[in-house]
>>> print(open('coords.txt').read())   # compact mmCIF, C-alpha atoms (C1' of nucleotides)
# COMPACT_ATOMS: atom_id res chain seq x y z
CA MET A 1 -119.30 116.41 37.06
CA GLN A 2 -117.94 113.03 38.11
CA THR A 3 -118.37 112.30 41.79
CA GLU A 4 -118.54 108.50 41.89
CA PRO A 5 -115.37 106.99 43.40
CA THR A 6 -112.94 105.52 40.87
CA ASN A 7 -113.14 102.02 42.32
CA ARG A 8 -116.92 101.95 41.87
CA ARG A 9 -116.64 103.38 38.38
CA LEU A 10 -114.09 100.78 37.31
CA ASN A 11 -116.18 98.03 38.85
CA GLY A 12 -119.22 99.33 36.99
CA ILE A 13 -117.31 99.48 33.70
CA TYR A 14 -116.08 95.92 34.13
CA ARG A 15 -119.58 94.66 34.95
CA LYS A 16 -121.14 96.48 32.00
CA LEU A 17 -118.59 95.22 29.48
CA SER A 18 -118.69 91.72 30.89
CA GLU A 19 -122.47 91.53 30.66
CA HIS A 20 -122.44 92.90 27.12
CA PHE A 21 -119.54 91.00 25.56
CA GLY A 22 -119.28 87.88 27.70
CA PRO A 23 -116.02 86.03 28.41
CA GLN A 24 -113.13 86.78 26.03
CA TYR A 25 -110.93 83.72 26.64
CA TRP A 26 -107.62 85.56 26.37
CA TRP A 27 -104.82 84.65 25.72
CA PRO A 28 -104.61 81.85 23.15
CA GLY A 29 -101.55 79.66 23.62
CA GLU A 30 -100.88 76.06 24.50
CA THR A 31 -97.90 76.86 26.72
CA PRO A 32 -96.71 79.83 28.80
CA PHE A 33 -93.77 80.25 26.43
CA GLU A 34 -96.12 80.48 23.45
CA ILE A 35 -97.93 83.30 25.27
CA MET A 36 -94.63 85.01 26.08
CA ALA A 37 -93.51 84.80 22.47
CA GLY A 38 -96.92 86.05 21.34
CA ALA A 39 -96.53 89.11 23.56
CA VAL A 40 -93.37 90.08 21.65
CA LEU A 41 -94.64 89.11 18.21
CA THR A 42 -97.86 91.10 18.53
CA GLN A 43 -96.07 94.36 19.34
CA SER A 44 -97.42 97.05 17.07
CA THR A 45 -99.07 94.40 14.95
CA ALA A 46 -102.55 92.98 14.44
CA TRP A 47 -102.96 89.72 16.33
CA HIS A 48 -103.75 87.61 13.28
CA ASN A 49 -100.34 88.49 11.82
CA ALA A 50 -98.64 87.47 15.07
CA ALA A 51 -100.68 84.26 14.96
CA LYS A 52 -99.26 83.45 11.52
CA ALA A 53 -95.75 83.89 12.89
CA ILE A 54 -96.53 81.59 15.84
CA SER A 55 -97.99 79.05 13.45
CA ASN A 56 -94.81 79.14 11.37
CA LEU A 57 -92.69 78.62 14.49
CA LYS A 58 -94.86 75.66 15.50
CA ASP A 59 -94.71 74.09 12.05
CA ALA A 60 -90.92 74.38 12.11
CA GLY A 61 -90.76 72.85 15.58
CA SER A 62 -89.20 76.07 16.80
CA LEU A 63 -91.68 77.37 19.35
CA ASN A 64 -89.33 76.41 22.12
CA PRO A 65 -86.85 78.64 24.01
CA ALA A 66 -83.92 76.26 23.57
CA VAL A 67 -84.50 76.04 19.81
CA ILE A 68 -84.98 79.80 19.49
CA ARG A 69 -81.71 80.48 21.32
CA ARG A 70 -79.67 78.44 18.86
CA LEU A 71 -81.55 79.36 15.68
CA PRO A 72 -79.69 81.80 13.40
CA VAL A 73 -81.37 85.22 13.57
CA VAL A 74 -81.90 85.21 9.81
CA LYS A 75 -83.69 81.87 9.99
CA LEU A 76 -85.82 83.00 12.92
CA ALA A 77 -86.66 86.26 11.16
CA GLY A 78 -87.80 84.29 8.12
CA LEU A 79 -90.22 82.27 10.24
CA ILE A 80 -91.81 85.30 11.88
CA ARG A 81 -91.91 87.46 8.77
CA PRO A 82 -95.76 87.81 8.68
CA CYS A 83 -95.87 89.76 11.94
CA GLY A 84 -93.73 92.61 10.66
CA TYR A 85 -90.50 94.07 12.09
CA PHE A 86 -89.18 90.54 11.74
CA ASN A 87 -85.48 91.35 12.09
CA THR A 88 -86.07 93.33 15.27
CA LYS A 89 -88.53 90.82 16.69
CA ALA A 90 -86.18 87.90 15.98
CA ARG A 91 -83.57 89.53 18.23
CA LYS A 92 -86.24 90.29 20.84
CA LEU A 93 -87.46 86.69 20.80
CA GLN A 94 -83.94 85.40 21.31
CA ALA A 95 -83.40 87.85 24.16
CA LEU A 96 -86.57 86.56 25.80
CA ALA A 97 -85.50 82.93 25.33
CA ILE A 98 -82.08 83.70 26.82
CA TRP A 99 -83.76 85.40 29.79
CA LEU A 100 -85.97 82.35 30.37
CA GLY A 101 -82.99 80.02 30.27
CA GLN A 102 -81.09 82.17 32.77
CA MET A 103 -84.05 82.63 35.10
CA CYS A 104 -85.28 79.07 35.36
CA GLY A 105 -83.50 76.83 32.87
CA ASP A 106 -86.67 76.93 30.73
CA ASN A 107 -88.64 75.31 33.58
CA ILE A 108 -91.34 77.93 33.96
CA SER A 109 -92.85 76.27 37.03
CA LEU A 110 -89.70 77.29 38.93
CA LEU A 111 -90.69 80.93 38.47
CA SER A 112 -93.47 80.44 41.01
CA ASP A 113 -90.83 81.02 43.69
CA VAL A 114 -89.98 84.45 42.29
CA SER A 115 -91.99 87.50 43.32
CA THR A 116 -93.96 89.40 40.70
CA ALA A 117 -91.99 92.57 41.40
CA VAL A 118 -88.66 90.82 40.85
CA LEU A 119 -89.88 89.15 37.68
CA ARG A 120 -91.19 92.44 36.28
CA HIS A 121 -87.97 94.26 37.05
CA SER A 122 -85.99 91.47 35.45
CA LEU A 123 -88.21 91.36 32.35
CA LEU A 124 -87.85 95.11 31.83
CA ASP A 125 -84.11 94.59 31.48
CA VAL A 126 -84.65 92.23 28.54
CA TYR A 127 -84.10 93.74 25.10
CA GLY A 128 -87.45 94.38 23.44
CA VAL A 129 -89.52 94.06 26.58
CA GLY A 130 -91.16 97.29 27.71
CA PRO A 131 -93.83 97.72 30.38
CA GLU A 132 -96.78 96.53 28.29
CA THR A 133 -95.01 93.41 27.03
CA ALA A 134 -93.64 92.62 30.51
CA ASP A 135 -97.09 92.93 32.04
CA SER A 136 -98.71 90.85 29.27
CA ILE A 137 -96.17 88.11 29.96
CA LEU A 138 -96.80 88.33 33.72
CA LEU A 139 -100.58 88.38 33.47
CA TYR A 140 -101.31 86.09 30.55
CA GLY A 141 -98.26 83.85 30.59
CA LEU A 142 -97.60 83.57 34.32
CA ARG A 143 -101.05 84.43 35.73
CA ARG A 144 -99.78 87.16 38.01
CA PRO A 145 -102.27 89.87 39.08
CA VAL A 146 -100.75 92.67 37.00
CA PHE A 147 -102.97 95.11 35.12
CA VAL A 148 -101.92 95.53 31.49
CA ILE A 149 -102.20 99.10 30.27
CA ASP A 150 -102.30 99.57 26.52
CA ALA A 151 -103.27 102.35 24.16
CA TYR A 152 -106.92 101.24 24.19
CA THR A 153 -107.09 101.17 27.98
CA ARG A 154 -105.60 104.62 28.26
CA ARG A 155 -107.83 106.03 25.54
CA ILE A 156 -111.03 104.67 27.01
CA ALA A 157 -110.11 105.67 30.55
CA ALA A 158 -109.18 109.17 29.46
CA ARG A 159 -112.38 109.60 27.47
CA LEU A 160 -114.41 108.54 30.48
CA GLY A 161 -112.56 111.09 32.59
CA ILE A 162 -110.65 108.46 34.55
CA ILE A 163 -107.26 110.15 34.55
CA PRO A 164 -104.40 109.62 37.00
CA SER A 165 -103.59 112.69 39.03
CA SER A 166 -99.91 111.72 39.02
CA GLY A 167 -99.43 111.91 35.25
CA ARG A 168 -100.27 110.26 31.93
CA GLY A 169 -97.57 107.63 31.74
CA TYR A 170 -97.88 103.85 31.71
CA ASP A 171 -97.11 103.51 35.41
CA ASP A 172 -99.54 106.28 36.34
CA TYR A 173 -102.43 104.46 34.67
CA GLN A 174 -101.35 101.13 36.08
CA ARG A 175 -101.23 102.49 39.62
CA LEU A 176 -104.69 103.97 39.15
CA PHE A 177 -106.20 100.67 37.99
CA THR A 178 -104.33 98.62 40.57
CA ALA A 179 -105.28 100.89 43.46
CA ASN A 180 -108.94 100.75 42.53
CA THR A 181 -109.45 97.05 41.81
CA GLU A 182 -108.94 93.78 43.64
CA PRO A 183 -105.65 92.07 42.66
CA ASP A 184 -107.23 89.20 40.75
CA ALA A 185 -105.37 87.80 37.73
CA ALA A 186 -108.49 86.23 36.18
CA MET A 187 -110.41 89.50 36.50
CA TYR A 188 -107.51 91.60 35.19
CA ASN A 189 -107.28 89.22 32.24
CA GLU A 190 -110.97 89.69 31.42
CA PHE A 191 -111.03 93.42 32.15
CA HIS A 192 -108.17 94.20 29.80
CA ALA A 193 -109.59 91.95 27.10
CA LEU A 194 -112.99 93.59 27.45
CA LEU A 195 -111.55 97.10 27.18
CA VAL A 196 -109.78 96.14 23.96
CA LYS A 197 -112.96 94.47 22.69
CA GLN A 198 -114.94 97.62 23.43
CA ALA A 199 -112.43 99.88 21.68
CA LYS A 200 -112.24 97.63 18.62
CA SER A 201 -115.89 96.78 18.24
CA ALA A 202 -117.29 100.22 18.90
CA CYS A 203 -118.41 102.45 16.06
CA ARG A 204 -114.83 102.94 14.97
CA LYS A 205 -115.79 103.48 11.38
CA VAL A 206 -117.41 106.69 12.58
CA PRO A 207 -114.85 109.49 12.33
CA ARG A 208 -113.55 110.54 15.72
CA CYS A 209 -115.70 107.94 17.46
CA CYS A 210 -115.15 107.94 21.20
CA GLN A 211 -114.56 104.14 21.14
CA CYS A 212 -116.30 103.81 24.45
CA CYS A 213 -119.90 104.16 23.25
CA LEU A 214 -121.25 101.38 25.43
CA LEU A 215 -119.87 103.08 28.50
CA ASN A 216 -120.89 106.68 28.06
CA GLY A 217 -124.03 106.58 25.96
CA CYS A 218 -122.37 108.05 22.88
CA PRO A 219 -125.14 109.08 20.43
CA THR A 220 -123.26 107.46 17.54
CA GLY A 221 -122.97 104.29 19.55
CA LYS A 222 -123.51 101.30 17.33
CA THR A 223 -121.50 99.04 19.54
CA GLY A 224 -120.68 95.74 17.93
CA GLY A 225 -122.41 92.63 19.14
CA GLY A 226 -120.67 90.55 21.74
CA LYS A 227 -122.14 87.11 21.38
CA GLU A 228 -119.06 85.50 19.90
CA PRO A 229 -116.00 85.53 22.15
CA VAL A 230 -112.76 86.48 20.47
CA HIS A 231 -109.83 84.18 21.05
CA GLU A 232 -107.21 86.78 20.42
CA PRO A 233 -105.32 89.37 22.39
C1' DG B 1 -100.99 102.90 -4.03
C1' DC B 2 -101.74 105.10 0.21
C1' DC B 3 -102.94 105.21 5.02
C1' DC B 4 -103.31 103.12 9.36
C1' DA B 5 -102.40 100.00 13.09
C1' DG B 6 -98.70 101.03 17.43
C1' DG B 7 -94.50 98.93 21.27
C1' DT B 8 -89.88 99.53 21.81
C1' DG B 9 -85.17 101.20 21.26
C1' DG B 10 -82.13 104.60 20.11
C1' DG B 11 -80.81 109.16 18.81
C1' DT B 12 -81.13 114.13 19.45
C1' DA B 13 -82.07 118.64 21.54
C1' DT C 1 -86.84 114.67 30.03
C1' DA C 2 -89.35 115.02 25.88
C1' DC C 3 -89.69 114.28 21.38
C1' DC C 4 -88.87 112.03 16.89
C1' DC C 5 -87.97 108.28 13.93
C1' DA C 6 -86.96 103.40 12.46
C1' DC C 7 -88.62 98.99 12.44
C1' DA C 8 -92.27 96.02 8.32
C1' DT C 9 -96.39 93.74 7.52
C1' DG C 10 -101.29 93.27 5.99
C1' DG C 11 -105.99 95.07 5.74
C1' DG C 12 -109.18 98.74 4.40
>>> encode(input="coords.txt", output="structure tokens")
Amino acid sequence: MQTEPTNRRLNGIYRKLSEHFGPQYWWPGETPFEIMAGAVLTQSTAWHNAAKAISNLKDAGSLNPAVIRRLPVVKLAGLIRPCGYFNTKARKLQALAIWLGQMCGDNISLLSDVSTAVLRHSLLDVYGVGPETADSILLYGLRRPVFVIDAYTRRIAARLGIIPSSGRGYDDYQRLFTANTEPDAAMYNEFHALLVKQAKSACRKVPRCCQCCLLNGCPTGKTGGGKEPVHEP
DNA sequence: GCCCAGGTGGGTA
DNA sequence: TACCCACATGGG
């Protein structure tokens, strides 16, 4: 039976993962817009494929909201082909670039005057931006203290018995994490990265592995080493 | 060659 | 509201 308060459990999980894996250095990207674009390009796709798409955009001098807005969709889709769903993602990328132009004239520093809640609401209205992508943009691109909930986070939390009483949706998990942690963008960045690292590096080649071996003493637990930080989301 | 990864939008019941 | 499917690639 679990009696330890959720805030202490989450704090303990963060400490344990942090000590084991070390800093993760998320999210790679030279500019906030590169991180924003990466959040769209990596949807339902392995990061290294999204990285190829970003590399193509850079090589073409197109990793820029103004350029993306005026690029023909077909041309844009061709550049981001390696990350999959390229036709859909080309339209999403343009929608994001249009949003950025409307919000701040592509001057991201001007967004510092806009509250996180307003930005999130506004982002969720952009085609192709759902809650996870919006929160990735807010946390990693704009350094706002927003906890990103993804499939790995939900899976690990659920398997550790950390389940929202309000439901199983994205917002339910986010409220749970937010209510039980300090609102610290740097910590949220690390915590989310560490949860993904744990899920990916656990004994996932073992059928039906819990993917949270380090955290619950799974007998199959051959948790991957954490010496080398991963520079990928 | 098949299966899996998995966020979002859109359609349907 | 809940569920299903399309979107597309690359690695195992």
>>> residues_around(input="coords.txt", residues="A:Leu79", least_positions_apart="4", cutoff="10 Å", atoms="only C-alpha atoms (C1' of nucleotides)", output="list in words")
Lys52, Ala53, Ile54, Ser55, Asn56, Leu57, Lys58, Asp59, Ala60, Ser62, Val73, Val74, Lys75, Cys83, Phe86 and Ala90 of chain A
>>> interface_residues(input="coords.txt", of="chain A", to="chain B", cutoff="7 Å", atoms="only C-alpha atoms (C1' of nucleotides)", output="ChimeraX atom specification")
/A:43-45,128,130
>>> interface_residues(input="coords.txt", of="chain C", to="chain A", cutoff="12 Å", atoms="only C-alpha atoms (C1' of nucleotides)", output="PyMOL selection string")
chain C and resi 6-12
>>> atom_distance(input="coords.txt", atom1="atom CA of A:Leu160", atom2="atom CA of A:Leu176")
13.8 Å
>>> residues_around(input="coords.txt", residues="A:Val129", least_positions_apart="2", cutoff="12 Å", atoms="all atoms listed in the file", output="PyMOL selection string")
(chain A and resi 36-37+39-43+88-89+91-97+99+120-127+131-138) or (chain B and resi 7-9)
>>> atom_distance(input="coords.txt", atom1="atom CA of A:Arg9", atom2="atom CA of A:Trp27")
25.5 Å
>>> build_atoms(input="coords.txt", residues="stretch 147-159 of chain A", atoms="N, CA and C atoms", output="PDB file, in the coordinates of the input")
ATOM      1  N   PHE A 147    -102.057  94.511  36.096  1.00  0.00           N
ATOM      2  CA  PHE A 147    -102.970  95.110  35.120  1.00  0.00           C
ATOM      3  C   PHE A 147    -102.184  95.586  33.901  1.00  0.00           C
ATOM      4  N   VAL A 148    -102.584  95.120  32.726  1.00  0.00           N
ATOM      5  CA  VAL A 148    -101.920  95.530  31.490  1.00  0.00           C
ATOM      6  C   VAL A 148    -102.561  96.823  30.979  1.00  0.00           C
ATOM      7  N   ILE A 149    -101.720  97.819  30.788  1.00  0.00           N
ATOM      8  CA  ILE A 149    -102.200  99.100  30.270  1.00  0.00           C
ATOM      9  C   ILE A 149    -101.756  99.216  28.821  1.00  0.00           C
ATOM     10  N   ASP A 150    -102.701  99.347  27.919  1.00  0.00           N
ATOM     11  CA  ASP A 150    -102.300  99.570  26.520  1.00  0.00           C
ATOM     12  C   ASP A 150    -102.972 100.838  26.004  1.00  0.00           C
ATOM     13  N   ALA A 151    -102.752 101.107  24.742  1.00  0.00           N
ATOM     14  CA  ALA A 151    -103.270 102.350  24.160  1.00  0.00           C
ATOM     15  C   ALA A 151    -104.791 102.406  24.288  1.00  0.00           C
ATOM     16  N   TYR A 152    -105.454 101.269  24.094  1.00  0.00           N
ATOM     17  CA  TYR A 152    -106.920 101.240  24.190  1.00  0.00           C
ATOM     18  C   TYR A 152    -107.384 101.564  25.605  1.00  0.00           C
ATOM     19  N   THR A 153    -106.717 100.951  26.583  1.00  0.00           N
ATOM     20  CA  THR A 153    -107.090 101.170  27.980  1.00  0.00           C
ATOM     21  C   THR A 153    -106.950 102.647  28.345  1.00  0.00           C
ATOM     22  N   ARG A 154    -105.835 103.210  27.943  1.00  0.00           N
ATOM     23  CA  ARG A 154    -105.600 104.620  28.260  1.00  0.00           C
ATOM     24  C   ARG A 154    -106.615 105.521  27.573  1.00  0.00           C
ATOM     25  N   ARG A 155    -106.899 105.193  26.312  1.00  0.00           N
ATOM     26  CA  ARG A 155    -107.830 106.030  25.540  1.00  0.00           C
ATOM     27  C   ARG A 155    -109.220 105.999  26.144  1.00  0.00           C
ATOM     28  N   ILE A 156    -109.689 104.796  26.450  1.00  0.00           N
ATOM     29  CA  ILE A 156    -111.030 104.670  27.010  1.00  0.00           C
ATOM     30  C   ILE A 156    -111.100 105.349  28.378  1.00  0.00           C
ATOM     31  N   ALA A 157    -110.114 105.072  29.214  1.00  0.00           N
ATOM     32  CA  ALA A 157    -110.110 105.670  30.550  1.00  0.00           C
ATOM     33  C   ALA A 157    -110.120 107.193  30.454  1.00  0.00           C
ATOM     34  N   ALA A 158    -109.276 107.720  29.591  1.00  0.00           N
ATOM     35  CA  ALA A 158    -109.180 109.170  29.460  1.00  0.00           C
ATOM     36  C   ALA A 158    -110.497 109.768  28.966  1.00  0.00           C
ATOM     37  N   ARG A 159    -111.137 109.064  28.027  1.00  0.00           N
ATOM     38  CA  ARG A 159    -112.380 109.600  27.470  1.00  0.00           C
ATOM     39  C   ARG A 159    -113.544 109.505  28.449  1.00  0.00           C
TER      40      ARG A 159
END
